[in-house]
$ cat run_35.txt   # compact mmCIF, C-alpha atoms
# COMPACT_ATOMS: atom_id res chain seq x y z
CA ASN A 1 4.17 -18.78 -4.19
CA VAL A 2 3.17 -15.13 -4.64
CA ARG A 3 6.73 -14.16 -5.62
CA GLY A 4 6.81 -16.54 -8.56
CA ASN A 5 3.24 -16.59 -9.87
CA VAL A 6 0.86 -14.05 -11.38
CA LYS A 7 -2.23 -15.95 -10.30
CA SER A 8 -3.48 -18.25 -7.58
CA LEU A 9 -6.92 -19.74 -8.14
CA PRO A 10 -7.57 -22.48 -5.57
CA GLU A 11 -11.06 -23.78 -4.95
CA GLY A 12 -11.02 -21.73 -1.76
CA PRO A 13 -8.57 -19.93 0.54
CA ASP A 14 -5.92 -22.29 1.91
CA GLY A 15 -5.12 -21.42 5.52
CA SER A 16 -2.57 -24.19 6.03
CA TRP A 17 0.25 -21.72 5.29
CA TRP A 18 -0.86 -19.46 8.15
CA ASP A 19 0.77 -19.77 11.57
CA GLU A 20 -1.27 -18.28 14.39
CA ARG A 21 1.48 -18.94 16.93
CA ARG A 22 3.94 -16.90 14.86
CA THR A 23 1.32 -14.20 14.44
CA ARG A 24 0.93 -13.92 18.22
CA SER A 25 4.71 -13.76 18.55
CA PHE A 26 4.89 -10.94 15.99
CA ASN A 27 2.13 -8.96 17.70
CA GLU A 28 3.62 -9.37 21.17
CA THR A 29 7.09 -8.33 19.99
CA TYR A 30 5.71 -5.32 18.11
CA GLU A 31 3.74 -4.07 21.12
CA ARG A 32 6.72 -4.55 23.42
CA ILE A 33 9.25 -2.61 21.30
CA GLN A 34 6.73 0.18 20.74
CA GLY A 35 6.48 0.71 24.49
CA GLU A 36 7.36 3.98 26.17
CA ASP A 37 10.62 2.63 27.58
CA HIS A 38 11.87 1.98 24.01
CA CYS A 39 11.41 5.56 22.72
CA GLU A 40 14.92 6.88 23.35
CA GLY A 41 16.62 3.95 21.67
CA SER A 42 14.17 3.63 18.82
CA LEU A 43 15.02 3.75 15.13
CA SER A 44 13.68 7.16 14.12
CA PRO A 45 14.59 8.11 10.52
CA HIS A 46 13.39 11.36 8.99
CA LEU A 47 13.63 10.71 5.23
CA LEU A 48 11.38 8.79 2.86
CA PRO A 49 11.65 8.11 -0.87
CA GLY A 50 10.21 10.78 -3.15
CA PRO A 51 10.70 14.55 -3.49
CA ALA A 52 12.24 16.31 -0.46
CA GLY A 53 12.25 13.03 1.48
CA LEU A 54 8.48 13.40 2.02
CA GLY A 55 7.36 10.13 0.49
CA ALA A 56 6.49 8.62 -2.87
CA GLY A 57 3.02 7.24 -3.65
CA LEU A 58 1.07 6.02 -0.62
CA GLY A 59 1.71 2.30 -1.12
CA SER A 60 5.40 2.78 -1.93
CA THR A 61 5.90 4.93 1.15
CA MET A 62 4.29 2.34 3.43
CA TYR A 63 6.36 -0.46 1.90
CA TYR A 64 9.51 1.60 2.44
CA ARG A 65 8.51 2.05 6.08
CA ALA A 66 8.19 -1.72 6.35
CA GLY A 67 11.91 -1.90 5.60
CA ASP A 68 12.61 0.44 8.52
CA LEU A 69 10.39 -1.69 10.74
CA THR A 70 12.37 -4.79 9.74
CA VAL A 71 15.64 -3.12 10.78
CA ALA A 72 14.11 -2.07 14.09
CA MET A 73 12.59 -5.45 14.93
CA LYS A 74 15.78 -7.31 14.04
CA ALA A 75 17.60 -5.15 16.60
CA GLY A 76 14.82 -5.29 19.20
CA ARG A 77 14.34 -1.52 18.90
CA GLY A 78 11.21 0.57 18.62
CA TYR A 79 10.33 2.37 15.39
CA ASN A 80 9.19 5.98 15.16
CA PHE A 81 9.27 8.27 12.14
CA ALA A 82 10.71 11.73 12.83
CA GLY A 83 10.23 13.25 9.38
CA HIS A 84 7.31 14.57 7.38
CA PHE A 85 4.71 12.79 5.21
CA ASN A 86 3.57 14.33 1.91
CA TYR A 87 -0.12 13.33 2.09
CA ALA A 88 -0.46 14.99 5.51
CA ARG A 89 0.75 18.39 4.29
CA ASN A 90 -2.73 19.88 4.02
CA SER A 91 -5.17 22.17 5.81
CA TYR A 92 -7.05 19.27 7.40
CA CYS A 93 -3.93 17.94 9.16
CA LYS A 94 -2.77 21.46 9.99
CA GLY A 95 -6.08 22.08 11.75
CA LYS A 96 -5.46 18.99 13.88
CA GLY A 97 -1.95 20.14 14.76
CA LYS A 98 -0.62 17.18 12.70
CA PHE A 99 0.71 18.92 9.60
CA GLY A 100 3.01 16.51 7.74
CA ASP A 101 2.56 13.82 10.40
CA PHE A 102 1.61 10.18 9.77
CA SER A 103 -0.48 10.30 12.93
CA CYS A 104 -2.91 12.65 11.17
CA TYR A 105 -4.33 9.49 9.57
CA PHE A 106 -2.57 6.45 11.02
CA ARG A 107 -2.28 4.89 14.46
CA GLU A 108 1.33 5.72 15.19
CA ASN A 109 2.95 5.51 18.63
CA PRO A 110 1.59 8.28 20.90
CA ARG A 111 3.76 7.03 23.78
CA CYS A 112 6.79 8.45 21.96
CA ASP A 113 5.31 11.76 20.73
CA GLY A 114 7.54 13.82 23.01
CA PHE A 115 10.68 12.03 21.87
CA VAL A 116 9.76 12.39 18.19
CA GLU A 117 8.98 16.11 18.47
CA LYS A 118 12.26 16.75 20.28
CA LYS A 119 14.16 14.95 17.55
CA ARG A 120 12.32 16.83 14.79
CA ARG A 121 13.34 20.15 16.29
CA GLY A 122 16.97 19.16 15.87
CA ILE A 123 16.69 18.16 12.20
CA LYS A 124 17.40 20.45 9.28
CA PHE A 125 14.89 19.25 6.72
CA PRO A 126 15.61 19.53 2.98
CA ALA A 127 14.00 22.22 0.86
CA LEU A 128 11.04 21.12 -1.25
CA THR A 129 13.10 21.68 -4.42
CA GLN A 130 16.27 19.94 -3.22
CA LYS A 131 17.76 17.28 -5.53
CA ASN A 132 20.45 14.66 -5.04
CA ALA A 133 23.89 14.71 -6.69
CA LYS A 134 22.41 13.26 -9.89
CA GLY A 135 19.68 15.88 -10.04
CA GLN A 136 17.01 13.38 -8.95
CA ASP A 137 14.24 13.67 -6.36
CA CYS A 138 15.42 10.84 -4.10
CA LEU A 139 17.44 12.12 -1.13
CA LEU A 140 18.01 8.72 0.49
CA PRO A 141 21.43 7.06 0.51
CA HIS A 142 22.16 6.11 -3.10
CA GLN A 143 21.64 2.37 -2.75
CA GLU A 144 18.30 2.89 -1.00
CA CYS A 145 16.95 4.97 -3.89
CA LYS A 146 17.04 1.76 -5.91
CA MET A 147 16.81 -1.14 -3.49
CA ARG A 148 17.24 -1.95 0.20
CA GLU A 149 18.81 -5.32 0.96
CA ASN A 150 16.90 -5.75 4.21
CA PHE A 151 13.65 -5.74 2.24
CA ASN A 152 14.19 -9.43 1.50
CA GLU A 153 15.06 -10.34 5.08
CA VAL A 154 12.89 -11.86 7.78
CA PRO A 155 14.27 -11.59 11.34
CA GLU A 156 15.60 -14.86 12.71
CA LYS A 157 12.74 -15.30 15.14
CA TRP A 158 10.27 -15.61 12.25
CA GLN A 159 12.45 -17.11 9.52
CA SER A 160 10.30 -20.22 9.35
CA LYS A 161 7.82 -17.97 7.50
CA ASP A 162 8.40 -16.33 4.11
CA ILE A 163 8.81 -12.66 3.19
CA PHE A 164 5.17 -12.34 2.06
CA TRP A 165 3.95 -13.52 5.48
CA TRP A 166 6.35 -11.07 7.11
CA ARG A 167 5.35 -8.13 4.93
CA THR A 168 1.66 -8.90 5.46
CA HIS A 169 2.08 -8.62 9.23
CA GLN A 170 4.09 -5.41 8.94
CA ILE A 171 1.55 -3.74 6.66
CA SER A 172 -1.27 -4.81 8.98
CA LYS A 173 0.38 -2.71 11.72
CA LEU A 174 1.56 0.24 9.63
CA PHE A 175 -1.72 0.63 7.75
CA ARG A 176 -4.05 1.00 10.74
CA LEU A 177 -6.21 4.14 10.62
CA ASN A 178 -6.77 6.20 13.73
CA ASP A 179 -10.37 6.58 14.92
CA GLU A 180 -11.02 9.95 13.26
CA ALA A 181 -9.61 8.84 9.90
CA ALA A 182 -11.68 5.66 10.06
CA GLN A 183 -14.81 7.76 10.60
CA ILE A 184 -13.99 9.91 7.56
CA VAL A 185 -13.33 6.88 5.38
CA ASP A 186 -16.63 5.36 6.63
CA LEU A 187 -15.97 1.91 5.21
CA GLU A 188 -19.14 0.26 6.49
CA GLY A 189 -21.28 3.19 5.36
CA ILE A 190 -19.79 3.06 1.85
CA LYS A 191 -20.34 -0.68 1.62
CA GLU A 192 -24.00 -0.18 2.48
CA ARG A 193 -24.46 2.72 0.03
CA ILE A 194 -22.92 0.97 -2.99
CA GLY A 195 -24.44 -2.45 -2.24
CA PHE A 196 -21.17 -4.23 -1.40
CA ARG A 197 -22.13 -7.88 -0.88
CA HIS A 198 -20.15 -11.11 -0.60
CA PRO A 199 -18.97 -13.02 -2.50
CA ILE A 200 -17.37 -10.27 -4.54
CA ILE A 201 -14.52 -9.73 -6.98
CA GLY A 202 -12.25 -6.72 -6.45
CA VAL A 203 -10.55 -5.07 -9.44
CA HIS A 204 -7.72 -2.55 -9.14
CA MET A 205 -7.61 -0.48 -12.35
CA ARG A 206 -4.45 1.58 -12.82
CA SER A 207 -5.41 4.63 -14.86
CA GLY A 208 -3.75 7.58 -13.11
CA ASP A 209 -0.15 8.71 -12.76
CA GLY A 210 1.12 5.16 -12.13
CA CYS A 211 0.62 4.02 -15.73
CA ARG A 212 1.45 7.32 -17.42
CA HIS A 213 5.16 7.75 -16.77
CA GLY A 214 8.44 5.92 -16.40
CA VAL A 215 8.94 2.19 -16.75
CA ARG A 216 5.29 1.38 -16.04
CA SER A 217 4.13 3.39 -19.05
CA ARG A 218 6.68 1.62 -21.26
CA LEU A 219 5.89 -1.88 -20.00
CA PHE A 220 2.18 -1.83 -19.26
CA ASP A 221 0.48 1.41 -20.37
CA CYS A 222 -3.03 2.28 -19.13
CA ARG A 223 -5.81 -0.25 -19.70
CA THR A 224 -9.48 0.12 -20.45
CA LEU A 225 -12.19 -1.79 -18.58
CA ARG A 226 -12.59 -4.10 -21.56
CA GLU A 227 -9.04 -5.37 -21.04
CA TYR A 228 -9.90 -6.48 -17.49
CA LEU A 229 -13.04 -8.38 -18.44
CA PRO A 230 -11.41 -11.74 -19.38
CA GLU A 231 -9.93 -12.05 -15.87
CA VAL A 232 -13.13 -10.81 -14.21
CA ASN A 233 -15.24 -13.26 -16.21
CA ALA A 234 -12.86 -16.12 -15.35
CA LEU A 235 -13.19 -15.43 -11.62
CA SER A 236 -16.94 -14.96 -11.97
CA ALA A 237 -17.34 -18.34 -13.68
CA LYS A 238 -15.03 -20.20 -11.29
CA TYR A 239 -16.38 -18.80 -8.03
CA GLY A 240 -19.99 -18.14 -8.98
CA THR A 241 -20.45 -14.43 -8.33
CA LYS A 242 -21.50 -11.46 -10.45
CA ASN A 243 -20.56 -8.77 -7.91
CA VAL A 244 -17.53 -6.73 -8.97
CA PHE A 245 -16.03 -3.81 -7.05
CA VAL A 246 -13.84 -1.56 -9.21
CA ALA A 247 -11.19 0.66 -7.60
CA THR A 248 -9.96 3.23 -10.10
CA ASP A 249 -8.21 6.59 -10.06
CA ASN A 250 -9.81 7.60 -13.38
CA PRO A 251 -13.32 9.13 -13.28
CA GLU A 252 -13.77 8.37 -16.99
CA ILE A 253 -13.96 4.68 -16.12
CA LEU A 254 -17.39 5.33 -14.59
CA ALA A 255 -18.81 6.10 -18.05
CA GLU A 256 -17.13 2.96 -19.42
CA ILE A 257 -18.71 0.89 -16.66
CA GLU A 258 -22.16 2.24 -17.50
CA LEU A 259 -21.65 1.28 -21.15
CA THR A 260 -20.36 -2.18 -20.21
CA ARG A 261 -23.40 -2.83 -18.00
CA LYS A 262 -25.53 -2.94 -21.16
CA HIS A 263 -23.59 -5.92 -22.49
CA THR A 264 -22.94 -8.03 -19.38
CA ASP A 265 -24.75 -9.37 -16.34
CA LEU A 266 -21.88 -8.40 -14.03
CA ASN A 267 -22.92 -6.13 -11.17
CA PHE A 268 -20.27 -3.39 -11.11
CA LEU A 269 -19.81 -1.31 -7.93
CA VAL A 270 -17.74 1.86 -7.59
CA VAL A 271 -17.30 4.59 -5.00
CA PRO A 272 -18.42 7.87 -6.59
CA SER A 273 -16.06 10.72 -5.79
CA GLU A 274 -15.59 14.10 -7.42
CA SER A 275 -12.03 14.20 -6.11
CA ARG A 276 -10.96 11.40 -8.47
CA ALA A 277 -10.76 13.88 -11.36
CA GLN A 278 -7.57 15.37 -9.88
CA LEU A 279 -5.86 11.95 -9.96
CA LYS A 280 -5.72 11.76 -13.76
CA SER A 281 -2.36 13.38 -14.46
CA ASP A 282 0.91 12.74 -16.28
CA THR A 283 2.74 14.14 -13.24
CA LYS A 284 3.67 11.85 -10.37
CA ILE A 285 1.37 12.35 -7.42
CA GLU A 286 4.33 12.87 -5.07
CA GLN A 287 5.58 15.77 -7.21
CA ARG A 288 2.17 17.39 -7.05
CA MET A 289 2.37 17.44 -3.24
CA THR A 290 5.61 19.42 -2.97
CA GLY A 291 4.28 22.77 -4.12
CA GLU A 292 4.52 22.15 -7.85
CA ASP A 293 0.74 21.85 -8.11
CA ASP A 294 -0.96 24.10 -5.56
CA GLY A 295 -4.46 22.95 -6.51
CA PHE A 296 -3.90 19.33 -5.53
CA ASP A 297 -6.02 18.22 -2.55
CA SER A 298 -3.90 15.61 -0.73
CA HIS A 299 -6.55 15.06 1.96
CA ALA A 300 -9.19 14.10 -0.60
CA ALA A 301 -6.63 11.97 -2.43
CA ILE A 302 -5.63 9.92 0.60
CA VAL A 303 -9.24 9.42 1.73
CA THR A 304 -10.08 8.11 -1.75
CA ALA A 305 -7.02 5.84 -1.65
CA PHE A 306 -8.03 4.49 1.78
CA GLN A 307 -11.55 3.73 0.57
CA ASP A 308 -10.28 1.84 -2.48
CA ILE A 309 -7.57 -0.11 -0.65
CA PHE A 310 -9.75 -1.18 2.26
CA LEU A 311 -12.66 -2.13 0.01
CA LEU A 312 -10.31 -4.20 -2.17
CA SER A 313 -9.00 -5.88 0.96
CA GLU A 314 -12.59 -6.82 1.88
CA CYS A 315 -13.14 -8.60 -1.46
CA ASP A 316 -13.08 -12.39 -1.77
CA TYR A 317 -11.24 -12.57 -5.11
CA LEU A 318 -8.90 -10.03 -6.69
CA VAL A 319 -7.75 -8.80 -10.11
CA THR A 320 -4.66 -6.75 -9.35
CA HIS A 321 -1.46 -5.10 -10.59
CA GLN A 322 1.26 -6.46 -8.32
CA ALA A 323 3.70 -4.05 -9.99
CA SER A 324 1.70 -1.48 -8.01
CA THR A 325 2.21 -1.14 -4.28
CA THR A 326 -1.48 -0.21 -3.97
CA SER A 327 -2.38 -3.70 -5.17
CA ARG A 328 0.29 -5.22 -2.92
CA VAL A 329 -1.07 -3.47 0.17
CA ALA A 330 -4.60 -4.61 -0.69
CA LEU A 331 -3.38 -8.21 -1.12
CA ASN A 332 -1.52 -8.02 2.22
CA LEU A 333 -4.56 -6.67 4.07
CA ALA A 334 -6.89 -9.22 2.44
CA THR A 335 -4.49 -12.00 3.43
CA MET A 336 -4.37 -10.75 7.01
CA ARG A 337 -8.17 -10.63 7.16
CA MET A 338 -8.63 -14.12 5.70
CA LYS A 339 -5.51 -15.70 7.27
CA ALA A 340 -4.91 -17.11 3.80
CA VAL A 341 -3.91 -15.71 0.40
CA PRO A 342 -7.17 -14.96 -1.43
CA PRO A 343 -7.64 -16.19 -5.00
CA TYR A 344 -6.10 -13.49 -7.18
CA ILE A 345 -4.78 -12.61 -10.62
CA SER A 346 -2.05 -10.06 -11.35
CA LEU A 347 -1.94 -8.43 -14.78
CA ASP A 348 1.68 -7.25 -14.65
CA GLY A 349 3.85 -9.64 -12.69
CA PRO A 350 4.04 -11.45 -9.32
CA TRP A 351 4.02 -9.85 -5.88
CA CYS A 352 7.15 -7.85 -5.06
CA PRO A 353 8.56 -7.20 -1.54
CA GLN A 354 10.32 -3.95 -2.55
CA TRP A 355 9.00 -0.39 -2.29
CA ARG A 356 9.75 0.05 -5.98
CA MET A 357 8.64 -2.17 -8.86
CA CYS A 358 10.23 -5.59 -9.42
CA CYS A 359 11.26 -6.42 -12.98
CA GLU A 360 12.25 -9.69 -14.63
CA PRO A 361 11.20 -11.94 -11.72
CA ARG A 362 12.44 -15.51 -11.80
CA HIS A 363 9.60 -17.97 -11.35
CA ASP A 364 11.79 -20.67 -9.81
CA ASP A 365 13.14 -18.75 -6.81
CA GLY A 366 11.37 -15.36 -6.85
CA ARG A 367 14.56 -13.35 -7.41
CA PHE A 368 14.17 -10.11 -9.36
CA LEU A 369 15.65 -6.84 -10.51
CA VAL A 370 14.31 -3.54 -9.17
CA CYS A 371 13.30 -0.87 -11.67

$ encode --input "run_35.txt" --output "structure tokens"
Amino acid sequence: NVRGNVKSLPEGPDGSWWDERRTRSFNETYERIQGEDHCEGSLSPHLLPGPAGLGAGLGSTMYYRAGDLTVAMKAGRGYNFAGHFNYARNSYCKGKGKFGDFSCYFRENPRCDGFVEKKRRGIKFPALTQKNAKGQDCLLPHQECKMRENFNEVPEKWQSKDIFWWRTHQISKLFRLNDEAAQIVDLEGIKERIGFRHPIIGVHMRSGDGCRHGVRSRLFDCRTLREYLPEVNALSAKYGTKNVFVATDNPEILAEIELTRKHTDLNFLVVPSESRAQLKSDTKIEQRMTGEDDGFDSHAAIVTAFQDIFLLSECDYLVTHQASTTSRVALNLATMRMKAVPPYISLDGPWCPQWRMCCEPRHDDGRFLVC
């Protein structure tokens, strides 16, 4: 029960919960509604959470899109996004003719490109500095700035499965890289260069904007590597591996890892990247992509995020922050790969189906507040 527990440590992945027949049904339905003959009647919103309707953090934006996909699939409609995406507002995407477009990085629906472009031309998009009536960044309908009811719904056809199964399948479709983005991320090349070997523990360390502002800073604060070691050591002892991949948005952690290596036999692996230095900020990353911070390189940021998320999803055991949508996406992708929930620990609460953070979850039925 990922909605009620902060850890699951079975002897090995349990695939009995998986349902391959339902998976085939989901895939067939998704491909059918994304066909060319469904373009005109498709659900095609143009706003996302975050400043100017351009998106929040990467994980939150993709989870919000999963809510749109739920609405579309319940109605048997296609889903195409007709707005703009903050991470794609950069010179790289502009050079591809994909400025502000999800398809700069993701496998969207090329069969409906003409329909989407026509719709975009008829939309008056908000200014980058526009606020809502309360002076806040979110330009969505008021209730959606906090919580969307359909986030907890599974369409009738798949209601024999739970919301985590449903969200896992949605994210597996929405988070597919196009061929060029996959080449840039170079997952297999990175794994070879850093010595990524199974079995391996994946650790998501939150050290950037996500733990430096708002409710997360008040509830959890930023942690040092030392504070992750009890969970890492527990997984290492239980599953018999010393390999540990660390995904972090703080370049200072690299020095901490080098120091820790002198006092442990754990084999720490990281992806070196000069672009990580820009991620350490007290300002939300989405605010830095709306012109308030002209030096921010969103292309480098999203490539780094892809590398971390996909490498985490390739790990056999996970130490996560399920209050973070980055950790949730990694857990979804790992589950899809393994066809079972991998052994994992969460340091700040159980998995949450919302695009925001879930607070005060009830362990008996998984209900929660959104904060």

$ residues_around --input "run_35.txt" --residues "range 62-64 of chain A" --least-positions-apart "4" --cutoff "7 Å" --atoms "only C-alpha atoms" --output "list in words"
Leu58, Asp68, Gln354 and Trp355 of chain A

$ residues_around --input "run_35.txt" --residues "Pro342 in chain A" --least-positions-apart "3" --cutoff "10 Å" --atoms "only C-alpha atoms" --output "list in words"
Ser8, Leu9, Pro10, Gly12, Pro13, Asp14, Gly15, Ser313, Cys315, Asp316, Tyr317, Leu318, Leu331, Asn332, Ala334, Thr335, Met336, Arg337, Met338, Lys339 and Ile345 of chain A

$ write_last_selection --input "run_35.txt" --atoms "C-alpha atoms" --output "PDB file, in the frame of the given file"
ATOM      1  CA  SER A   8      -3.480 -18.250  -7.580  1.00  0.00           C
ATOM      2  CA  LEU A   9      -6.920 -19.740  -8.140  1.00  0.00           C
ATOM      3  CA  PRO A  10      -7.570 -22.480  -5.570  1.00  0.00           C
ATOM      4  CA  GLY A  12     -11.020 -21.730  -1.760  1.00  0.00           C
ATOM      5  CA  PRO A  13      -8.570 -19.930   0.540  1.00  0.00           C
ATOM      6  CA  ASP A  14      -5.920 -22.290   1.910  1.00  0.00           C
ATOM      7  CA  GLY A  15      -5.120 -21.420   5.520  1.00  0.00           C
ATOM      8  CA  SER A 313      -9.000  -5.880   0.960  1.00  0.00           C
ATOM      9  CA  CYS A 315     -13.140  -8.600  -1.460  1.00  0.00           C
ATOM     10  CA  ASP A 316     -13.080 -12.390  -1.770  1.00  0.00           C
ATOM     11  CA  TYR A 317     -11.240 -12.570  -5.110  1.00  0.00           C
ATOM     12  CA  LEU A 318      -8.900 -10.030  -6.690  1.00  0.00           C
ATOM     13  CA  LEU A 331      -3.380  -8.210  -1.120  1.00  0.00           C
ATOM     14  CA  ASN A 332      -1.520  -8.020   2.220  1.00  0.00           C
ATOM     15  CA  ALA A 334      -6.890  -9.220   2.440  1.00  0.00           C
ATOM     16  CA  THR A 335      -4.490 -12.000   3.430  1.00  0.00           C
ATOM     17  CA  MET A 336      -4.370 -10.750   7.010  1.00  0.00           C
ATOM     18  CA  ARG A 337      -8.170 -10.630   7.160  1.00  0.00           C
ATOM     19  CA  MET A 338      -8.630 -14.120   5.700  1.00  0.00           C
ATOM     20  CA  LYS A 339      -5.510 -15.700   7.270  1.00  0.00           C
ATOM     21  CA  ILE A 345      -4.780 -12.610 -10.620  1.00  0.00           C
TER      22      ILE A 345
END

$ residues_near_point --input "run_35.txt" --point "(-8.8, 0.1, 5.3)" --cutoff "12 Å" --atoms "all atoms listed in the file" --output "MDAnalysis selection string"
chainID A and resid 105:106 171:179 181:188 190 302:315 326 329:334 336:337

$ closest_residue --input "run_35.txt" --among "A:Lys124, A:Leu54, A:Arg167, A:Leu266" --to "Leu140 in chain A" --atoms "all atoms listed in the file"
A:Leu54

$ closest_residue --input "run_35.txt" --among "A:Arg21, A:Lys191, A:Lys134, A:His321" --to "Cys222 in chain A" --atoms "all atoms listed in the file"
A:His321

$ atom_distance --input "run_35.txt" --atom1 "CA of Glu227 in chain A" --atom2 "CA of Ile253 in chain A"
12.2 Å

$ atom_distance --input "run_35.txt" --atom1 "CA of Phe164 in chain A" --atom2 "CA of Arg328 in chain A"
10.0 Å

$ axis_aligned_box --input "run_35.txt" --around "range 223-228 of chain A" --padding-each-side "5 Å" --output "AutoDock Vina command-line options"
--center_x -9.2 --center_y -3.2 --center_z -19.5 --size_x 16.8 --size_y 16.6 --size_z 14.1

$ residues_near_point --input "run_35.txt" --point "(9.4, 8.9, 9.3)" --cutoff "9 Å" --atoms "all atoms listed in the file" --output "ChimeraX atom specification"
/A:44-48,54,65,79-85,101-102

$ residues_around --input "run_35.txt" --residues "Leu225 in chain A" --least-positions-apart "5" --cutoff "8 Å" --atoms "only C-alpha atoms" --output "count of residues only"
4

$ atom_distance --input "run_35.txt" --atom1 "CA of Pro230 in chain A" --atom2 "CA of Thr264 in chain A"
12.1 Å

$ closest_residue --input "run_35.txt" --among "A:Lys74, A:Arg24, A:Lys98, A:Arg288" --to "Gln159 in chain A" --atoms "only C-alpha atoms"
A:Lys74

$ closest_residue --input "run_35.txt" --among "A:Gly135, A:Lys7, A:Thr168, A:Ser273" --to "Thr23 in chain A" --atoms "all atoms listed in the file"
A:Thr168
